[in-house]
$ cat target.cif   # mmCIF, C-alpha atoms
data_input
loop_
_atom_site.label_atom_id
_atom_site.label_comp_id
_atom_site.auth_asym_id
_atom_site.auth_seq_id
_atom_site.Cartn_x
_atom_site.Cartn_y
_atom_site.Cartn_z
CA MET A 204 71.65 103.66 115.15
CA PRO A 205 74.15 104.16 118.00
CA THR A 206 77.46 102.32 117.91
CA ARG A 207 78.15 99.59 120.43
CA VAL A 208 81.55 98.65 121.81
CA MET A 209 82.44 95.77 124.10
CA ASP A 210 85.03 93.21 125.08
CA MET A 211 88.23 94.85 126.36
CA THR A 212 91.19 93.04 127.80
CA THR A 213 93.00 94.51 130.78
CA ASN A 214 96.62 94.43 131.92
CA SER A 215 97.79 91.81 134.39
CA ARG A 216 99.97 88.83 133.41
CA ARG A 217 102.42 89.92 130.69
CA THR A 218 101.96 87.94 127.51
CA VAL A 219 104.44 87.56 124.67
CA LEU A 220 104.70 86.03 121.20
CA THR A 221 107.30 83.26 121.07
CA GLY A 222 106.58 81.42 117.82
CA LEU A 223 105.34 82.27 114.33
CA GLY A 224 104.15 80.06 111.49
CA VAL A 225 103.21 81.61 108.16
CA ILE A 226 102.33 80.34 104.70
CA CYS A 227 101.04 82.92 102.23
CA PRO A 228 101.39 84.04 98.60
CA ILE A 229 104.67 85.90 99.23
CA GLY A 230 106.46 83.35 101.36
CA ALA A 231 106.49 80.61 103.97
CA GLY A 232 108.24 80.87 107.32
CA PRO A 233 109.15 84.06 109.23
CA ALA A 234 112.48 84.68 107.48
CA ALA A 235 111.23 84.31 103.90
CA PHE A 236 108.05 86.23 104.72
CA TRP A 237 110.02 89.13 106.18
CA GLN A 238 112.41 89.32 103.25
CA ALA A 239 109.47 89.46 100.81
CA LEU A 240 107.76 92.14 102.89
CA ARG A 241 110.86 94.27 103.04
CA ALA A 242 111.52 93.89 99.30
CA GLY A 243 107.94 94.79 98.35
CA VAL A 244 107.30 91.48 96.58
CA PRO A 245 103.73 91.35 95.18
CA GLY A 246 101.74 88.16 95.63
CA VAL A 247 98.51 88.90 93.74
CA HIS A 248 98.60 87.51 90.20
CA THR A 249 96.32 86.08 87.54
CA ILE A 250 94.85 82.83 88.89
CA THR A 251 96.65 79.69 87.72
CA SER A 252 95.14 76.90 89.86
CA LEU A 253 91.93 77.00 87.79
CA ASN A 254 90.76 78.69 84.61
CA PRO A 255 89.49 82.16 85.61
CA PHE A 256 88.23 83.05 82.12
CA ALA A 257 84.54 83.35 83.10
CA LEU A 258 85.22 85.42 86.22
CA PRO A 259 84.90 89.22 86.16
CA SER A 260 87.92 89.38 88.49
CA LYS A 261 90.62 86.95 87.44
CA MET A 262 93.28 87.52 90.11
CA ALA A 263 94.11 86.24 93.58
CA GLY A 264 96.88 85.71 96.06
CA GLU A 265 97.69 82.03 95.50
CA VAL A 266 100.03 79.83 97.52
CA ARG A 267 101.72 77.97 94.70
CA ASP A 268 103.52 74.63 95.01
CA PHE A 269 101.93 73.96 98.40
CA SER A 270 102.19 70.30 99.44
CA ALA A 271 100.60 69.42 102.75
CA LYS A 272 101.94 65.88 102.49
CA SER A 273 105.54 67.08 102.41
CA LEU A 274 105.06 69.47 105.34
CA ILE A 275 102.82 67.75 107.85
CA GLU A 276 104.29 65.51 110.54
CA ARG A 277 104.87 62.06 109.07
CA SER A 278 102.83 60.28 111.74
CA TYR A 279 99.81 62.43 110.91
CA ARG A 280 99.81 62.12 107.10
CA ARG A 281 97.03 59.55 107.08
CA THR A 282 94.55 62.22 108.19
CA LEU A 283 95.09 64.46 105.15
CA ASN A 284 92.20 62.81 103.32
CA ALA A 285 89.95 64.36 105.99
CA MET A 286 91.30 67.91 105.51
CA ALA A 287 90.17 70.57 103.08
CA ARG A 288 92.85 73.01 101.89
CA THR A 289 91.98 75.63 104.49
CA VAL A 290 92.35 73.00 107.23
CA GLU A 291 95.68 71.84 105.80
CA PHE A 292 96.94 75.42 105.94
CA GLY A 293 95.73 75.78 109.52
CA VAL A 294 97.26 72.56 110.83
CA ILE A 295 100.64 73.14 109.19
CA GLY A 296 100.70 76.78 110.32
CA CYS A 297 100.13 75.64 113.90
CA GLN A 298 102.85 73.02 113.47
CA GLN A 299 105.30 75.69 112.25
CA ALA A 300 104.44 78.06 115.12
CA MET A 301 105.08 75.34 117.68
CA GLN A 302 108.35 74.36 116.05
CA ASP A 303 109.46 77.99 115.81
CA ALA A 304 108.73 78.42 119.52
CA GLY A 305 110.77 75.34 120.40
CA LEU A 306 107.69 73.57 121.77
CA THR A 307 107.03 69.88 121.30
CA LYS A 308 104.42 67.54 122.69
CA GLY A 309 104.90 67.15 126.44
CA ILE A 310 107.10 70.21 127.09
CA VAL A 311 104.08 72.05 128.47
CA PRO A 312 101.69 70.05 130.70
CA PRO A 313 98.74 69.30 128.38
CA GLU A 314 96.22 71.05 130.64
CA ARG A 315 98.35 74.25 130.60
CA ILE A 316 98.32 74.75 126.82
CA GLY A 317 95.28 75.66 124.76
CA VAL A 318 94.30 76.66 121.23
CA GLU A 319 92.22 79.47 119.75
CA PHE A 320 91.71 79.32 116.00
CA ALA A 321 90.08 81.64 113.45
CA SER A 322 88.30 79.89 110.60
CA VAL A 323 85.06 79.65 108.64
CA MET A 324 83.29 76.81 106.86
CA GLY A 325 85.46 75.61 103.99
CA ALA A 326 84.12 75.52 100.45
CA THR A 327 83.24 71.99 99.37
CA GLU A 328 85.39 70.32 96.74
CA LEU A 329 83.29 69.74 93.65
CA ASP A 330 84.17 66.04 93.54
CA ASP A 331 82.70 65.55 97.02
CA LEU A 332 79.17 66.68 96.15
CA GLY A 333 79.10 66.81 92.35
CA PRO A 334 78.37 63.13 91.64
CA ALA A 335 75.64 62.98 94.29
CA SER A 336 74.04 66.14 92.93
CA LYS A 337 74.16 64.89 89.35
CA THR A 338 72.62 61.57 90.36
CA SER A 339 69.72 63.38 92.02
CA LEU A 340 68.76 65.62 89.10
CA ARG A 341 65.36 65.09 87.50
CA SER A 342 65.45 63.72 83.96
CA ASP A 343 63.79 66.86 82.58
CA GLY A 344 66.58 69.06 84.04
CA SER A 345 64.16 70.99 86.28
CA GLY A 346 66.24 70.54 89.42
CA PRO A 347 67.05 67.93 92.06
CA ASP A 348 64.57 65.29 93.12
CA MET A 349 64.75 65.17 96.90
CA ALA A 350 63.49 61.59 97.13
CA THR A 351 66.30 60.47 94.83
CA TRP A 352 68.73 62.60 96.81
CA GLY A 353 67.70 60.82 100.02
CA SER A 354 67.68 57.29 98.63
CA ILE A 355 70.66 57.40 96.23
CA GLY A 356 72.49 60.72 96.29
CA LEU A 357 73.45 60.73 99.95
CA ASN A 358 75.14 57.35 99.57
CA GLU A 359 77.59 58.89 97.09
CA ILE A 360 78.84 61.53 99.52
CA PRO A 361 82.16 60.61 101.16
CA PRO A 362 81.61 59.56 104.80
CA LEU A 363 84.13 62.13 106.07
CA TRP A 364 82.69 64.95 103.96
CA MET A 365 81.58 67.19 106.83
CA LEU A 366 84.77 66.69 108.84
CA LYS A 367 86.84 68.10 105.98
CA TYR A 368 85.20 71.51 106.06
CA LEU A 369 84.04 72.36 109.59
CA PRO A 370 85.60 75.58 110.98
CA ASN A 371 86.79 73.90 114.17
CA MET A 372 88.91 71.26 112.42
CA PRO A 373 92.27 73.11 112.50
CA ALA A 374 91.98 73.46 116.28
CA CYS A 375 90.86 69.83 116.62
CA HIS A 376 93.79 68.45 114.62
CA ALA A 377 96.31 70.69 116.42
CA SER A 378 94.93 69.51 119.75
CA ILE A 379 95.40 65.88 118.75
CA ILE A 380 98.94 66.35 117.39
CA TYR A 381 100.20 68.20 120.48
CA ASP A 382 97.93 66.65 123.14
CA ILE A 383 96.46 70.06 123.92
CA GLN A 384 93.98 69.67 126.78
CA GLY A 385 93.63 73.27 127.91
CA PRO A 386 91.04 75.82 126.70
CA SER A 387 90.05 75.30 123.05
CA ASN A 388 87.79 77.36 120.83
CA THR A 389 87.21 78.43 117.23
CA GLN A 390 86.28 81.99 116.27
CA ILE A 391 84.25 82.66 113.11
CA PRO A 392 83.47 86.43 112.77
CA GLY A 393 84.97 86.78 109.31
CA ASP A 394 87.88 89.13 108.84
CA THR A 395 88.02 89.97 112.56
CA ALA A 396 88.20 86.33 113.65
CA GLY A 397 91.97 86.28 114.10
CA ALA A 398 91.97 89.33 116.35
CA VAL A 399 89.07 87.90 118.35
CA ALA A 400 90.98 84.62 118.76
CA LEU A 401 94.06 86.51 119.92
CA GLY A 402 91.98 88.49 122.42
CA GLU A 403 90.43 85.35 123.88
CA ALA A 404 93.84 83.67 124.15
CA LEU A 405 95.21 86.76 125.86
CA ARG A 406 92.44 86.68 128.45
CA ILE A 407 92.94 82.96 129.05
CA ILE A 408 96.62 83.45 129.86
CA ARG A 409 96.01 86.57 131.95
CA ARG A 410 93.47 84.86 134.14
CA GLY A 411 95.87 81.97 134.70
CA ALA A 412 93.92 79.28 132.84
CA ALA A 413 96.90 78.43 130.61
CA ASP A 414 100.59 79.25 130.22
CA VAL A 415 100.75 78.82 126.43
CA MET A 416 98.10 79.38 123.78
CA LEU A 417 98.36 78.39 120.13
CA VAL A 418 96.55 81.07 118.08
CA GLY A 419 96.02 80.84 114.34
CA GLY A 420 93.84 81.74 111.39
CA SER A 421 93.55 80.24 107.92
CA GLU A 422 91.42 80.39 104.81
CA ALA A 423 91.58 79.22 101.20
CA LYS A 424 89.45 81.51 99.03
CA VAL A 425 90.99 80.45 95.70
CA HIS A 426 88.30 77.86 95.02
CA PRO A 427 85.66 77.64 92.27
CA LEU A 428 82.68 78.02 94.60
CA SER A 429 84.26 80.76 96.71
CA LEU A 430 85.41 82.74 93.68
CA SER A 431 81.96 82.48 92.06
CA ARG A 432 80.23 83.64 95.23
CA PHE A 433 82.60 86.50 95.98
CA ASN A 434 82.57 87.74 92.39
CA LEU A 435 78.80 88.02 92.69
CA PHE A 436 78.57 89.65 96.11
CA ALA A 437 81.93 91.19 97.07
CA GLN A 438 83.69 94.20 95.60
CA PHE A 439 86.57 92.62 93.69
CA SER A 440 88.97 94.62 91.57
CA LYS A 441 88.52 94.37 87.80
CA ARG A 442 92.08 95.53 87.12
CA ASN A 443 92.83 92.27 85.35
CA HIS A 444 95.49 93.86 83.16
CA ASP A 445 97.53 94.76 86.26
CA PRO A 446 96.90 92.15 88.98
CA GLU A 447 100.01 93.09 90.98
CA GLY A 448 98.71 96.64 91.23
CA ALA A 449 95.04 95.74 91.63
CA ILE A 450 94.55 96.25 95.38
CA ARG A 451 95.08 99.98 95.94
CA PRO A 452 94.47 100.81 99.62
CA PHE A 453 93.15 104.33 100.28
CA ASP A 454 93.99 105.29 96.70
CA ARG A 455 91.71 107.50 94.64
CA ASP A 456 91.68 104.90 91.84
CA ARG A 457 90.88 101.81 93.93
CA ASP A 458 88.11 99.58 92.63
CA GLY A 459 88.09 96.59 94.95
CA THR A 460 90.05 93.83 96.60
CA ALA A 461 91.20 90.31 95.66
CA PRO A 462 91.01 86.99 97.53
CA GLY A 463 93.96 85.21 99.08
CA GLU A 464 94.83 82.01 100.88
CA GLY A 465 97.19 80.85 103.57
CA VAL A 466 97.71 80.86 107.33
CA ALA A 467 99.38 82.72 110.15
CA ALA A 468 99.77 81.20 113.62
CA PHE A 469 101.45 82.38 116.81
CA THR A 470 102.35 80.85 120.12
CA LEU A 471 101.25 83.23 122.85
CA GLU A 472 102.95 82.70 126.20
CA ASP A 473 103.07 83.98 129.74
CA LEU A 474 106.28 86.01 130.04
CA ASP A 475 107.57 84.18 133.12
CA HIS A 476 106.92 80.85 131.43
CA ALA A 477 108.77 81.98 128.30
CA ARG A 478 111.72 83.21 130.35
CA SER A 479 111.88 79.97 132.29
CA ARG A 480 112.69 78.08 129.10
CA ASN A 481 114.81 80.85 127.51
CA ALA A 482 112.38 81.25 124.62
CA LYS A 483 113.02 83.84 121.94
CA ILE A 484 110.42 86.61 121.99
CA TYR A 485 109.01 88.38 118.91
CA GLY A 486 106.97 90.97 120.76
CA GLU A 487 104.46 91.62 123.51
CA VAL A 488 100.67 91.70 123.15
CA MET A 489 99.42 94.64 125.18
CA SER A 490 95.67 94.64 124.56
CA VAL A 491 92.82 93.63 122.29
CA ALA A 492 89.50 95.48 122.03
CA SER A 493 86.52 94.69 119.83
CA GLY A 494 83.08 96.08 119.08
CA VAL A 495 80.54 96.95 116.42
CA ASP A 496 80.17 100.05 114.25
CA ARG A 497 76.83 99.18 112.70
CA GLY A 498 76.59 102.25 110.52
CA LEU A 499 80.22 102.07 109.36
CA THR A 500 80.53 105.70 110.38
CA GLY A 501 84.02 105.34 111.83
CA ARG A 502 82.97 106.47 115.30
CA GLY A 503 82.60 102.92 116.63
CA LEU A 504 85.94 101.91 115.16
CA ALA A 505 87.54 104.99 116.76
CA ARG A 506 86.08 104.01 120.12
CA VAL A 507 87.48 100.48 119.79
CA ILE A 508 90.92 101.96 119.03
CA ARG A 509 90.70 104.21 122.08
CA ASN A 510 89.66 101.26 124.24
CA ALA A 511 92.65 99.25 123.04
CA LEU A 512 95.02 102.18 123.71
CA GLY A 513 93.49 102.69 127.15
CA ALA A 514 93.84 99.01 128.06
CA ALA A 515 97.50 99.21 127.01
CA ASP A 516 97.90 102.42 129.07
CA ILE A 517 99.35 104.39 126.18
CA GLN A 518 98.43 107.45 124.09
CA PRO A 519 98.06 107.94 120.32
CA ARG A 520 101.42 109.73 120.30
CA ASP A 521 103.13 106.49 121.43
CA ILE A 522 102.19 104.59 118.24
CA ASP A 523 104.72 104.01 115.46
CA HIS A 524 102.15 102.95 112.88
CA VAL A 525 98.61 101.70 112.40
CA ASN A 526 98.43 98.39 110.54
CA VAL A 527 95.10 98.52 108.71
CA HIS A 528 92.91 95.99 106.93
CA GLY A 529 93.17 98.16 103.79
CA LEU A 530 90.99 96.06 101.49
CA GLY A 531 91.07 98.54 98.63
CA THR A 532 87.27 98.76 98.49
CA ILE A 533 85.67 102.18 98.03
CA ASN A 534 83.43 102.23 101.10
CA GLY A 535 85.57 99.99 103.30
CA ASP A 536 88.71 102.10 103.02
CA ALA A 537 86.78 105.31 103.61
CA PHE A 538 85.18 103.83 106.74
CA GLU A 539 88.48 102.60 108.13
CA ALA A 540 90.17 105.91 107.39
CA ARG A 541 87.46 107.88 109.21
CA GLY A 542 87.96 105.80 112.35
CA ILE A 543 91.73 106.20 112.22
CA ALA A 544 91.55 109.93 111.56
CA GLU A 545 89.26 110.50 114.54
CA VAL A 546 91.93 109.09 116.87
CA PHE A 547 95.22 109.91 115.15
CA GLY A 548 94.50 112.51 112.49
CA LYS A 549 97.44 112.27 110.09
CA SER A 550 100.04 112.17 112.83
CA VAL A 551 100.68 108.40 112.61
CA ASP A 552 101.71 106.40 109.54
CA VAL A 553 99.25 103.91 108.11
CA PHE A 554 100.63 100.60 106.79
CA ALA A 555 98.39 98.43 104.56
CA PRO A 556 100.06 95.06 103.84
CA LEU A 557 97.02 93.23 102.40
CA SER A 558 97.71 94.58 98.90
CA ARG A 559 100.70 92.18 98.83
CA PHE A 560 98.79 88.93 99.36
CA GLY A 561 95.03 89.50 99.11
CA ASN A 562 92.24 89.09 101.62
CA LEU A 563 92.55 85.87 103.63
CA GLY A 564 89.25 86.40 105.46
CA ALA A 565 89.52 84.60 108.80
CA GLY A 566 93.28 84.36 108.25
CA SER A 567 93.73 88.06 107.50
CA ALA A 568 94.04 89.63 110.94
CA LEU A 569 96.90 87.43 112.13
CA LEU A 570 98.80 87.47 108.83
CA GLU A 571 98.57 91.25 108.73
CA LEU A 572 99.56 91.42 112.41
CA ALA A 573 102.63 89.29 111.64
CA CYS A 574 103.82 92.07 109.33
CA SER A 575 103.93 94.55 112.21
CA VAL A 576 105.38 92.04 114.67
CA LEU A 577 108.30 91.50 112.30
CA ALA A 578 108.58 95.22 111.49
CA LEU A 579 108.96 96.07 115.18
CA GLN A 580 111.39 93.19 115.71
CA HIS A 581 113.61 94.21 112.79
CA GLY A 582 113.24 97.95 113.32
CA GLN A 583 111.97 98.68 109.81
CA LEU A 584 108.47 99.42 108.49
CA PRO A 585 107.95 98.35 104.84
CA GLY A 586 106.02 100.65 102.54
CA THR A 587 102.44 100.15 101.39
CA LEU A 588 102.14 98.93 97.80
CA ASN A 589 99.93 100.54 95.13
CA HIS A 590 99.04 103.73 97.01
CA GLU A 591 99.84 106.46 94.48
CA ASN A 592 97.01 109.00 94.49
CA PRO A 593 95.66 109.78 97.99
CA ASP A 594 91.88 109.95 98.18
CA PRO A 595 90.46 113.01 100.02
CA ALA A 596 87.76 110.66 101.36
CA CYS A 597 90.51 108.76 103.21
CA PRO A 598 92.18 111.36 105.47
CA VAL A 599 95.14 109.24 106.63
CA ALA A 600 98.91 109.33 106.07
CA VAL A 601 99.80 106.13 104.19
CA HIS A 602 103.43 105.06 104.40
CA THR A 603 104.78 104.19 100.93
CA GLY A 604 108.18 103.73 99.36
CA PRO A 605 111.18 101.98 100.89
CA PRO A 606 111.21 100.72 104.48
CA ARG A 607 111.68 103.41 107.11
CA PRO A 608 113.13 103.01 110.61
CA VAL A 609 110.70 102.13 113.37
CA ALA A 610 110.63 105.18 115.61
CA LYS A 611 108.33 104.14 118.47
CA PRO A 612 107.76 100.86 120.32
CA TYR A 613 104.02 100.35 119.75
CA ALA A 614 101.83 99.44 116.78
CA VAL A 615 98.05 99.09 116.39
CA LYS A 616 96.46 96.43 114.17
CA LEU A 617 92.91 97.01 112.93
CA SER A 618 90.39 94.56 111.46
CA TYR A 619 86.75 94.93 110.41
CA THR A 620 83.94 93.22 108.51
CA GLU A 621 81.35 94.66 106.15
CA LEU A 622 78.76 94.18 108.93
CA GLY A 623 80.67 96.60 111.18
CA GLN A 624 82.44 94.17 113.48
CA CYS A 625 85.82 95.67 114.30
CA ALA A 626 88.83 94.94 116.46
CA ALA A 627 92.08 96.61 117.49
CA VAL A 628 95.26 94.94 118.77
CA VAL A 629 98.13 96.79 120.44
CA ILE A 630 101.56 95.18 120.29
CA ARG A 631 104.92 96.32 121.65
CA LYS A 632 108.45 95.89 120.35
CA TRP A 633 110.20 93.46 122.67
CA THR A 634 112.84 94.95 124.97
CA GLU A 635 113.83 93.59 128.37
#
$ encode --input "target.cif" --output "structure tokens"
Amino acid sequence: MPTRVMDMTTNSRRTVLTGLGVICPIGAGPAAFWQALRAGVPGVHTITSLNPFALPSKMAGEVRDFSAKSLIERSYRRTLNAMARTVEFGVIGCQQAMQDAGLTKGIVPPERIGVEFASVMGATELDDLGPASKTSLRSDGSGPDMATWGSIGLNEIPPLWMLKYLPNMPACHASIIYDIQGPSNTQIPGDTAGAVALGEALRIIRRGAADVMLVGGSEAKVHPLSLSRFNLFAQFSKRNHDPEGAIRPFDRDRDGTAPGEGVAAFTLEDLDHARSRNAKIYGEVMSVASGVDRGLTGRGLARVIRNALGAADIQPRDIDHVNVHGLGTINGDAFEARGIAEVFGKSVDVFAPLSRFGNLGAGSALLELACSVLALQHGQLPGTLNHENPDPACPVAVHTGPPRPVAKPYAVKLSYTELGQCAAVVIRKWTE
């Protein structure tokens, strides 16, 4: 089956990152997040928010001591009963990005600011559907009786049930809080969703449809239903005796990944608009390309990388490092490495931050991108954790050990899904 590549951005209006909100297992806020990255703090541990005894994989990247009520704007607290955990993360991440950018409601004309958010359907809290399901069971235990479900069970479901879990709710709530009336959309293609959202926001600004775009991605996989499903169908690590070392990107001894939770959100802004208000700038977004490698051969991913480099008008030799998805799965890492090797060989360092905090799904791409944005800003690239024995099936040069100086101004961020969807983002270290 031939590979198919599509959807490239082109250069026109310069677009920069002016705000960052982050909540994840190793820290909240840009400063704390960067310090944890630089220090190599691990965030994957044995699960504590529920009893993982029956699960084959008992570890995850948890955000502990998270209180949406203490973080969300006081005037908006009453809506928390209509937010699942993944929505809470998303809304508060957007709030932090706006605050970090120095943007408040009304600073930007409402029709000139938009939102692009990466999310998927949230897992239902057991208390929301459990009583209704139990009420509808047949007396002989053979399953639910649909007539009873319709006449009695449905009445026991909370009226706001669906609104708590829909993928578009983070964008909806952010739009209400900040009176955002510009372009608004939610992207749902799994682990690539954040990169796709960033690409759409980039195009919106470049074609002049907005001056500021709020871009975020969140997910909360540490949930009984999600953990049960993923333990059945995903390749999770069974290294329960060593959860901090469980995710081993491109390592010969890798045996799977682990779930995570949290959010990363950026404000993306037209450069002239950012300069007009003396905004601080984290970095510049040069290009986003996406496509499909249906056979997971690596050739489609390589073509997406080349398209992103071409749209940014740079060469492979200009790249400081490639920020990979690096799930730690056997086939996934080999696929990603083949695509990288076809473009870069071993001439560019590979940085795999996911082993620090787990796989955030729709929140992964932007959280992983934040690692490179901060690395370029601070001039240091942290090392990859848990890569000890290079796998010949993964012909890439993985950067490990202490942080090294950033040597070149560009970085590439890669994302992919098990279905072959893939995306590449090119960012540049900010210099006037």
$ closest_residue --input "target.cif" --among "A:Ser490, A:Ser558, A:Gln390, A:Asn510" --to "A:Asp454" --atoms "only C-alpha atoms"
A:Ser558
$ atom_distance --input "target.cif" --atom1 "atom CA of A:Glu545" --atom2 "atom CA of A:Asp516"
18.7 Å
$ residues_around --input "target.cif" --residues "A:Pro361" --least-positions-apart "6" --cutoff "10 Å" --atoms "all atoms listed in the file" --output "PyMOL selection string"
chain A and resi 285+330-332+335
$ resolve_selection --input "target.cif" --expression "the PyMOL selection byres ((chain A and resi 495-503) around 9)" --output "PyMOL selection string"
chain A and resi 204-209+493-494+504-508+534-535+537-545+619+621-626
$ residues_around --input "target.cif" --residues "A:Val311" --least-positions-apart "6" --cutoff "12 Å" --atoms "only C-alpha atoms" --output "PDB file with C-alpha atoms, in the coordinates of the input"
ATOM      1  CA  MET A 301     105.080  75.340 117.680  1.00  0.00           C
ATOM      2  CA  ALA A 304     108.730  78.420 119.520  1.00  0.00           C
ATOM      3  CA  GLY A 305     110.770  75.340 120.400  1.00  0.00           C
ATOM      4  CA  GLY A 317      95.280  75.660 124.760  1.00  0.00           C
ATOM      5  CA  TYR A 381     100.200  68.200 120.480  1.00  0.00           C
ATOM      6  CA  ASP A 382      97.930  66.650 123.140  1.00  0.00           C
ATOM      7  CA  ILE A 383      96.460  70.060 123.920  1.00  0.00           C
ATOM      8  CA  GLN A 384      93.980  69.670 126.780  1.00  0.00           C
ATOM      9  CA  GLY A 385      93.630  73.270 127.910  1.00  0.00           C
ATOM     10  CA  ALA A 413      96.900  78.430 130.610  1.00  0.00           C
ATOM     11  CA  ASP A 414     100.590  79.250 130.220  1.00  0.00           C
ATOM     12  CA  VAL A 415     100.750  78.820 126.430  1.00  0.00           C
ATOM     13  CA  MET A 416      98.100  79.380 123.780  1.00  0.00           C
ATOM     14  CA  LEU A 417      98.360  78.390 120.130  1.00  0.00           C
ATOM     15  CA  GLU A 472     102.950  82.700 126.200  1.00  0.00           C
ATOM     16  CA  HIS A 476     106.920  80.850 131.430  1.00  0.00           C
ATOM     17  CA  ALA A 477     108.770  81.980 128.300  1.00  0.00           C
ATOM     18  CA  SER A 479     111.880  79.970 132.290  1.00  0.00           C
ATOM     19  CA  ARG A 480     112.690  78.080 129.100  1.00  0.00           C
TER      20      ARG A 480
END
$ residues_around --input "target.cif" --residues "A:Ser567" --least-positions-apart "4" --cutoff "9 Å" --atoms "only C-alpha atoms" --output "short mmCIF file (atom, residue, chain, number, x, y, z; two decimals) with C-alpha atoms, in the coordinates of the input"
data_model
loop_
_atom_site.label_atom_id
_atom_site.label_comp_id
_atom_site.auth_asym_id
_atom_site.auth_seq_id
_atom_site.Cartn_x
_atom_site.Cartn_y
_atom_site.Cartn_z
CA ASP A 394 87.88 89.13 108.84
CA THR A 395 88.02 89.97 112.56
CA ALA A 396 88.20 86.33 113.65
CA GLY A 397 91.97 86.28 114.10
CA GLY A 420 93.84 81.74 111.39
CA SER A 421 93.55 80.24 107.92
CA GLU A 422 91.42 80.39 104.81
CA GLY A 463 93.96 85.21 99.08
CA GLY A 465 97.19 80.85 103.57
CA VAL A 466 97.71 80.86 107.33
CA ALA A 467 99.38 82.72 110.15
CA HIS A 528 92.91 95.99 106.93
CA LEU A 557 97.02 93.23 102.40
CA GLY A 561 95.03 89.50 99.11
CA ASN A 562 92.24 89.09 101.62
CA LEU A 563 92.55 85.87 103.63
CA GLU A 571 98.57 91.25 108.73
CA LEU A 572 99.56 91.42 112.41
CA SER A 618 90.39 94.56 111.46
#
$ closest_residue --input "target.cif" --among "A:Ile379, A:Val525, A:Leu569, A:Leu428" --to "A:Ser278" --atoms "only C-alpha atoms"
A:Ile379
$ closest_atom_pairs --input "target.cif" --of "stretch 452-521 of chain A" --to "stretch 590-603 of chain A" --cutoff "7 Å" --atoms "all atoms listed in the file" --output "CSV"
residue,atom,partner,partner_atom,distance
A:Pro452,CA,A:His590,CA,6.0
A:Phe453,CA,A:Cys597,CA,5.9
A:Asp454,CA,A:Pro593,CA,5.0
A:Arg455,CA,A:Asp594,CA,4.3
$ atom_distance --input "target.cif" --atom1 "atom CA of A:Asn388" --atom2 "atom CA of A:Ala321"
8.8 Å
$ residues_around --input "target.cif" --residues "A:Ile295" --least-positions-apart "3" --cutoff "8 Å" --atoms "all atoms listed in the file" --output "PyMOL selection string"
chain A and resi 271+274-275+291-292+298-299
$ residues_around --input "target.cif" --residues "A:Gly356" --least-positions-apart "4" --cutoff "12 Å" --atoms "only C-alpha atoms" --output "VMD selection string"
chain A and resid 331 to 340 347 to 352 360 to 361
$ write_last_selection --input "target.cif" --atoms "C-alpha atoms" --output "PDB file, keeping the file's coordinate frame"
ATOM      1  CA  ASP A 331      82.700  65.550  97.020  1.00  0.00           C
ATOM      2  CA  LEU A 332      79.170  66.680  96.150  1.00  0.00           C
ATOM      3  CA  GLY A 333      79.100  66.810  92.350  1.00  0.00           C
ATOM      4  CA  PRO A 334      78.370  63.130  91.640  1.00  0.00           C
ATOM      5  CA  ALA A 335      75.640  62.980  94.290  1.00  0.00           C
ATOM      6  CA  SER A 336      74.040  66.140  92.930  1.00  0.00           C
ATOM      7  CA  LYS A 337      74.160  64.890  89.350  1.00  0.00           C
ATOM      8  CA  THR A 338      72.620  61.570  90.360  1.00  0.00           C
ATOM      9  CA  SER A 339      69.720  63.380  92.020  1.00  0.00           C
ATOM     10  CA  LEU A 340      68.760  65.620  89.100  1.00  0.00           C
ATOM     11  CA  PRO A 347      67.050  67.930  92.060  1.00  0.00           C
ATOM     12  CA  ASP A 348      64.570  65.290  93.120  1.00  0.00           C
ATOM     13  CA  MET A 349      64.750  65.170  96.900  1.00  0.00           C
ATOM     14  CA  ALA A 350      63.490  61.590  97.130  1.00  0.00           C
ATOM     15  CA  THR A 351      66.300  60.470  94.830  1.00  0.00           C
ATOM     16  CA  TRP A 352      68.730  62.600  96.810  1.00  0.00           C
ATOM     17  CA  ILE A 360      78.840  61.530  99.520  1.00  0.00           C
ATOM     18  CA  PRO A 361      82.160  60.610 101.160  1.00  0.00           C
TER      19      PRO A 361
END
$ closest_residue --input "target.cif" --among "A:Asp456, A:Ala412, A:Ile380, A:Ala461" --to "A:Lys308" --atoms "only C-alpha atoms"
A:Ile380
$ atom_distance --input "target.cif" --atom1 "atom CA of A:Leu253" --atom2 "atom CA of A:Thr289"
16.8 Å
$ resolve_selection --input "target.cif" --expression "the PyMOL selection byres ((chain A and resi 436-439) around 12)" --output "ChimeraX atom specification"
/A:258-263,429-435,440-443,446,449-451,457-463,530-536,561-562,620-621
$ closest_residue --input "target.cif" --among "A:Val318, A:Ala610, A:Val219, A:Ala234" --to "A:Cys574" --atoms "only C-alpha atoms"
A:Ala234
